[in-house]
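What follows is a set of notes on a single structure, which appears directly below.
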Amino acid sequence: MESMKMIEADGNNYGSSVDPLPFARRYQIEALEKAIKENTIVYLETGSGKTLIAIMLLRYYAHLLRKPSPFIAVFLVPQVVLVTQQAKALKTHTDLKVGMYWGDMGVDFWDAASWRNEQVENEVLVMTPAILLNGLRHSFFKLNSIKVLIFDECHHASGKHPYACIMKEFYHGQLHSNKSNLPRIFGMTASPIKTKGTTLTSSCGENLTELENLMNSKIYTSVSEDVLAEYVPFSTPKLTYYIDKDIPSALFHGLSEQLVILKNKYEHSMESLNIMESTKQSAKKKISKLFSAFLFCLNDLGIWLALKAAEFSVCDDMDICCWGRLDWSSEEIIKNFNKDASKLISAHMSSGQERLVGHNLEADAESGLLTTKVICLIRSLLQYRHLKDLRCIVFVERVITAIVLQKLLSKLLPKLSGWEAGYVAGNASQLQSQSRRVQNALVDEFRKGTVNVIVSTSILEEGLDVQSCNLVIRFDPSATVCSFIQSRGRARMQNSDFLLMVRSGDDKTLSRLRTYLDSGKLMREESLRNASHPCAPLKSSLDEEEFYWVESTEAIVTLSSSIGLLYFYCSRLPSDGYFKPAPRCCIDQLTETCTIYLPKSCPIQTVSAQGNTKTLKQLACLEACKQLHKSGALTDNLVPQIVEEEAVVAEDGNMPYDDEHATYYPPELVNPSLEHSDTPYHCYLIKLDQKYEYEVPPEDIVLAVRSELEYDVGNINFDLQVDRGSMTVSMKYIGVIHLNVKMVLMGRKFQTTLLRVLIDRTIDKVKEAFDRCEGNNQMLDYLILPTTKSREKQSIIDWKCLGSVFFSHENASNHIDCFLPRMHTRSGRVCACTLKNSIVYTPHNSHLYCITGILGELNGNSFLSLGNGGLLTYKEYYRLRHGIELQFDQQKLLKGKRIFVVQNCLLRCRQQKEKESSNSTVELPPELCVIFMSPISISTIYSFSFIPSIMHRIESLLLAANLKKMHLDHCKLNDVPTSKVLEAITTKHCQEEFHLESLETLGDSFLKYATSQQLFKTFQNHHEGLLSIKKDRIISNAALSKLGCDLKLPGFIRDRSFDPKKWIIAGDQSRSHAFDEEYLSNTRKIYISERRKMKSKRIADVVEALIGAFLSTGGERAALIFMKWLGINVDFVKIPYERDFPVILKRHVNVSYLESLLNYSFRDPSLLVEALTHGSYMLPEIPRCYQRLEFLGDAVLDYLVTIHLYHKYPGMSPGLLTDLRSASVNNDCYARSAVKAKLYQHILHSSQQLHKHIFDTVDSFDKLHLETTFGWESESTFPKVLGDVMESLAGAILVDSDYNKEVVFQSMRPLLEPLITPETMKLHPTRELTELCQKQHYYLKTDITSQNGKASVTVEVEANGVKYKHTSTSDKRTAKRMACNEVLKSLKENSAHTGNSGSKF
């Protein structure tokens, strides 16, 4: 098929060329040509390929849509289920980028930036029309950026449908303004008219013209059905009549009267329930709807199907009672009503009747089990038993009909025909809640043939592509011509039937059906007759109603959309389980005035408007929207400010995070080369003081570095945890010494050789390390040197010991000044004194030994006691065990000790050895030994075994010092001890004596308080929800991690346990260690030793810990300065809390009593009223509720309790502060304090549910011994409101006292007493059980099931072959706590009986 050049109506060559799909039909090409020239509505039968025409139109416009073009196309569909279907077709036949959007995706909460991103990424946006309408109103979309606007099922464009609103509010307004860049409109429908058959003939032309004018489009259709018949199979309409026969009158009236009595009984029982009136009315409404459904089924479908309706409503997995959330007790009453109704209906049937329904249809009709209409359906289906592959859709009007008919068909059809049945009903129905996932799965099964019959409401009439359907039955007649045509169009297979069930004698329905059958021809003829008439201009709806327009963005709210916008704004305000914020409307008919009362968290409390009573509420809501925008509560896009804030938070959370970070190495220990023959080194004496008895004493060591260290690094004291106990390490600066190149190389070779031997415990790689020390390209330049007994700077280094690394037999054999005997070794004949302090290597077993002396009484012929009690001479032992014949068996044996094991001596939980192991010393024949180093004392070797741990701590301190100096470069006077910085950058994964957890807890609480008070002061009109989001944006892990990364903090973090084998030995070039330079600032340099992966939370934890470090040593000012350096700008400048609070206090609260209780006199007592006012208390003279003060009080109480605990228990372990804080600072803890102080008596609220919950809480509280259980044995949760009020009171005192935190603590502390201490603290049962199971390797399993707002939690533990199990039912949190607590009790009791408690609990 040739490409056809197309010219726009205005003469411009608009598209490059039309490239129709090769399988396009003739009428599709004609429709495409028309759509390119002008706005078009394609009116063609279902299955004729209208979507393909739309796709070809998009292909024509594709060159204008391809990115980076700013233009898009929008494809609108009336149902969510059609979004994915049409998007899939677009992706199949075009290469355009397609985006899909529907309400459940949360698009209502998207901001302008989110939609801008979607328009940048995608070229065609498929969505439901309400999304585009809202987007246009909020100015997220502009009509001039849409090149093609497609309306699927465009017959919906009437009244207030979003299709109509899009055209009226936006398109026609711009059309009147002569704007030329409007989108091409393309509509699709199988029936352009939706009216009932009775008015179709008289109003057909008028309705078609109205649709064309509204859509500013002309209808294209085929001349006749014959044109389409060549391509599209049409189903054959067939009328099936049934004689309507009522069920037995006595049965119907008797049963219906009994159901009325049952309904009245249950409605009356509602009156005694202690629940809110609105909940009570909702429950009554549910019972009434169920009653109506049962009566309908009884009358129209028969008693068997009425029973199925009642049984279905009882099922737990299919809740037909879904008209809003109810109180648990009222839900139980409704469930019981369903059960009793089921029993009542079942009582009118014998067990045989119920079981054998459908076996004798005439008998079923006579007994009233099934109506003749239902029997007609069954017989109609069975007429098609000859079809091998039946696909049938039965259309019904009501959801309950679909549900119960499916029950019947599923019982009968498999036996009669082998068919399976299912049902589909709209998920917006009030009678059931079938998810879209279930619906889609069922339709897929229908397509595959595993389901043969679907009973459906109108949801399957429209658009859904089920091409395999070959039979459609209208069980209930279509309400409109559109419904008729669309349901007929579902039968898409060749030779399919369209069966219409009609009651005999129902001439009205029959006449309507005949009109429907002729409707296609009538609408086609009228459309062709009007084809030459141009569309008449249509006024914009904005010309007829008031609106508010934001000039900067062009966002708009109209009179008709104002109510929805105001309710949406209120729905985004803070709420709780007792109060859902919504506007309250009061209309005065006499003065024609409407007053809107807004929730207390609004910046505006009341709005009034006057006008026509028909639009009075809309006028008031429009005025409210206008004022909310002017106050900043609605943004310039007319969305709640919180929507934009949440979008920014979501965007921040989606920011890519690179988890690979550098590991820094301190520059003080790095020097690329020896620049001078005489190099100065700064020397530090490292003293080792062991706190245990051991035969080998340590020797002091000298650390020589090229630059002087920070004072608090060079003068440190810390402990090492060694096998036998604790060893204290202390450093002291002793001055500068000058070393020539030879001395430096000697020192390097000594430390490299000795440390390599100690770490590797072999000499395999020592020669390579020794030889490579000669190079002048060393990166690490510091020396670890042995000392003499002298403490004079010039003679403190033991050069003789350093020379041991150069030991040679030649030098040793020239030894003539000693009177000790000569001994034969594998190195040759040497003096005994050379052996006495040496490291030797024994090739026969590849071991290294320290030689500490000569055993004068033992030689090769001495006896050796074996492990089995036998005796052998040493000579015999070596011959038998190693195949070695000792040549000098008269030589004295050497006393040797296995080389020391290098360990991580910084671990906090090292197990200590009580005594030396029996094989720690050995007797060695000299002739088997190769002298490796001599002379070197065992004390020197012993001391050097601790060097890796000592240097690792010094390296860590130097890193902390560099981090501190980096900060001091910007904040000169904000100094803190390096040890605190080290604590803050050390995670618990290092397993050392200290880690960051305490400082992190402290820093977190201060950061939260400092940020909260800043936001509270700065944004005085923001509600608590907005403040919380702003706070989270500042202090979230993602935000803190980004700040830390920007300042290159990850390189300083210590997050792994020290491994001596991976430690870099200064001077050792046998291993490749590349150090890269990195500049922390223009003048400060550091080195990168490696790269590693690190989670963002770890970085955030360190940031908080660093804040805690500055706070704990330098106070709040130091912490604020450090936070400013991080990029968190907060201050403690006092700003007045401004608000209008014209209230007579004594009418609402007992001020004097509360001041006495709090031990504080308010300068502004209105703060006390605000702090006690719940959001449900809608009295207009109290303009605010406690939420803002709660936000502030939560932060200040958290900080005050945390800092109190930190200072009161300074020696606590790092994790204990976190546990104490968690146990002390939580809503339950505050709520218990509120109950003890009886603050609940003073809370201002209007919630019956809250009142009941408080009453129950106080009642259960009195039964508990809270001083020992912390409330964990309570079977109910504390209302969050009680804890909130404690926090809001703290916030009120803070504001009133000019932010004097000490006053707040003095006032609130008596209410919080007794504060939890390390002795009284008990872990939460859930945590205690989890930790116990992890420690003891018990199997722990938790199962949670939910029903009617209640959770049943089963906790099971298997310990030592015994199972402990408990189930609790309450809200989820409480149920889990109670179940864990009971299992813990059982475990402890069993442990006490078996005598294992000491080791396990």
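So you can find residues: chains in the structure tokens are A, B, ... in the order shown, residues in each start at 1, and ligands are numbered from 1 in order.
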
(request) Report the residues of segment 554-633 of chain A whose backbone DSSP state falls under helix (DSSP H, G or I), written as a ChimeraX atom specification. (result) /A:559-571,616-631

(request) If you run DSSP over the backbone, which residues in segment 788-829 of chain A end up strand (DSSP E or B)? Put them as a ChimeraX atom specification. (result) /A:797,822-825,828-829

Would you save the residues of that selection, restricted to N, CA, C and O atoms, as an mmCIF file, in the first residue's frame?
data_model
loop_
_atom_site.group_PDB
_atom_site.id
_atom_site.type_symbol
_atom_site.label_atom_id
_atom_site.label_comp_id
_atom_site.auth_asym_id
_atom_site.auth_seq_id
_atom_site.Cartn_x
_atom_site.Cartn_y
_atom_site.Cartn_z
ATOM 1 N N ILE A 797 67.743 3.701 71.608
ATOM 2 C CA ILE A 797 67.480 2.690 70.571
ATOM 3 C C ILE A 797 68.519 1.588 70.658
ATOM 4 O O ILE A 797 69.726 1.831 70.719
ATOM 5 N N ARG A 822 81.156 -23.590 71.974
ATOM 6 C CA ARG A 822 80.669 -23.541 70.599
ATOM 7 C C ARG A 822 79.685 -24.692 70.375
ATOM 8 O O ARG A 822 79.860 -25.780 70.933
ATOM 9 N N MET A 823 78.689 -24.409 69.527
ATOM 10 C CA MET A 823 77.665 -25.416 69.289
ATOM 11 C C MET A 823 77.456 -25.564 67.780
ATOM 12 O O MET A 823 77.555 -24.606 67.015
ATOM 13 N N HIS A 824 77.151 -26.844 67.388
ATOM 14 C CA HIS A 824 76.911 -27.128 65.975
ATOM 15 C C HIS A 824 75.427 -26.859 65.644
ATOM 16 O O HIS A 824 74.544 -27.443 66.261
ATOM 17 N N THR A 825 75.212 -25.967 64.679
ATOM 18 C CA THR A 825 73.851 -25.689 64.187
ATOM 19 C C THR A 825 73.819 -25.939 62.684
ATOM 20 O O THR A 825 74.863 -26.169 62.059
ATOM 21 N N GLY A 828 75.977 -23.632 60.995
ATOM 22 C CA GLY A 828 77.414 -23.779 61.228
ATOM 23 C C GLY A 828 77.713 -23.799 62.710
ATOM 24 O O GLY A 828 76.821 -23.825 63.562
ATOM 25 N N ARG A 829 78.978 -23.761 63.022
ATOM 26 C CA ARG A 829 79.399 -23.813 64.424
ATOM 27 C C ARG A 829 79.444 -22.395 64.970
ATOM 28 O O ARG A 829 80.146 -21.532 64.445
#

(message) Counting only C-alpha atoms, which residue out of A:Ser1041, A:Ser313, A:Ser561, A:Asn740 sits closest to Asp678 of chain A?
(response)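 Answer, going by the shortest atom-to-atom distance: A:Asn740.
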
(message) What's around Pro843 of chain A at 8 Å? Count only C-alpha atoms, leave out sequence neighbours fewer than 2 positions away in its own chain, and write the answer as a PyMOL selection string.
(response) chain A and resi 841+845-847+928-930

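For the choices A:Gly1283, A:Ile55, A:Ala555, A:Gln751, the atom-to-atom distance to Val766 of chain A is smallest for A:Gln751 when using only C-alpha atoms.
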
Using only C-alpha atoms, determine which residues lie at most 9 Å from Ala1066 of chain A, disregarding the query and same-chain residues fewer than 2 positions distant; provide the list as an mmCIF file with C-alpha atoms, in the first residue's frame.
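So the final result, stored in around09.cif, reads:
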data_model
loop_
_atom_site.group_PDB
_atom_site.id
_atom_site.type_symbol
_atom_site.label_atom_id
_atom_site.label_comp_id
_atom_site.auth_asym_id
_atom_site.auth_seq_id
_atom_site.Cartn_x
_atom_site.Cartn_y
_atom_site.Cartn_z
ATOM 1 C CA LEU A 669 52.571 8.104 58.483
ATOM 2 C CA ARG A 748 62.862 -0.733 58.029
ATOM 3 C CA GLN A 751 60.560 -4.134 61.561
ATOM 4 C CA THR A 752 59.587 -5.650 58.218
ATOM 5 C CA GLN A 778 58.507 3.702 50.293
ATOM 6 C CA MET A 779 55.042 5.168 50.958
ATOM 7 C CA LEU A 780 54.723 4.441 54.679
ATOM 8 C CA ASP A 781 57.609 6.021 56.556
ATOM 9 C CA TYR A 782 57.704 5.329 60.270
ATOM 10 C CA LEU A 783 59.949 3.102 62.341
ATOM 11 C CA ILE A 784 59.187 0.724 65.196
ATOM 12 C CA ILE A 1064 50.200 -2.904 56.170
ATOM 13 C CA ASP A 1068 57.181 -3.916 53.409
ATOM 14 C CA GLN A 1069 57.141 -3.736 49.610
#

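Closest approach to Leu1312 of chain A among A:Ala421, A:Ala1234, A:Leu412, A:Val729: A:Ala1234, based on only C-alpha atoms.
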
(message) One number please: atom CA of Lys1095 of chain A to atom CA of Lys1042 of chain A, in Å, one decimal.
(response)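 Separation between atom CA of Lys1095 of chain A and atom CA of Lys1042 of chain A: 11.6 Å.
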
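Excluding Phe1191 of chain A itself and same-chain residues fewer than 2 positions from it, the residues having an atom within 8 Å of it are Ser1012, Glu1024, Leu1027, Ser1028, Gln1187, Arg1188, Leu1189, Gly1193, Asp1194, Ala1195, Glu1287, Ser1288 and Gly1291 of chain A, counting only C-alpha atoms.
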
(request) Using only C-alpha atoms, find the one residue out of A:Pro926, A:Pro599, A:Pro68, A:Pro821 that sits nearest to Asn859 of chain A. (result)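 Of all the options, A:Pro926 lies closest to Asn859 of chain A.
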
(request) For segment 921-924 of chain A, list every protein, DNA or RNA residue within 6 Å, evaluated using only C-alpha atoms, and leave out those in the same chain fewer than 6 positions away; present the list as an MDAnalysis selection string. (result) chainID A and resid 893:897

(request) May I have the residues within 12 Å of Ala1223 of chain A as an MDAnalysis selection string, using only C-alpha atoms and disregarding those fewer than 5 positions away in the same chain? (result) chainID A and resid 1198 1201:1202 1205 1216:1218 1228:1230 1269:1272 1315:1318 1320:1325 1327

(message) Please determine, counting only C-alpha atoms, which residue among A:Cys1333, A:Cys376, A:Leu1007, A:Ala1074 has the shortest atom-to-atom distance to Arg1091 of chain A.
(response) A:Ala1074

(message) For a test of reading the model, state the distance in Å between atom CA of Lys965 of chain A and atom CA of Ser1089 of chain A, rounded to one decimal.
(response)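 Between atom CA of Lys965 of chain A and atom CA of Ser1089 of chain A the gap works out to 19.9 Å.
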
(request) Find, counting only C-alpha atoms, the residue in A:Ser217, A:Ser417, A:Asn39, A:Thr558 that gets nearest to Ser540 of chain A. (result) A:Thr558

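A straight line drawn from atom CA of Leu1157 of chain A to atom CA of Leu1311 of chain A is 8.6 Å long.
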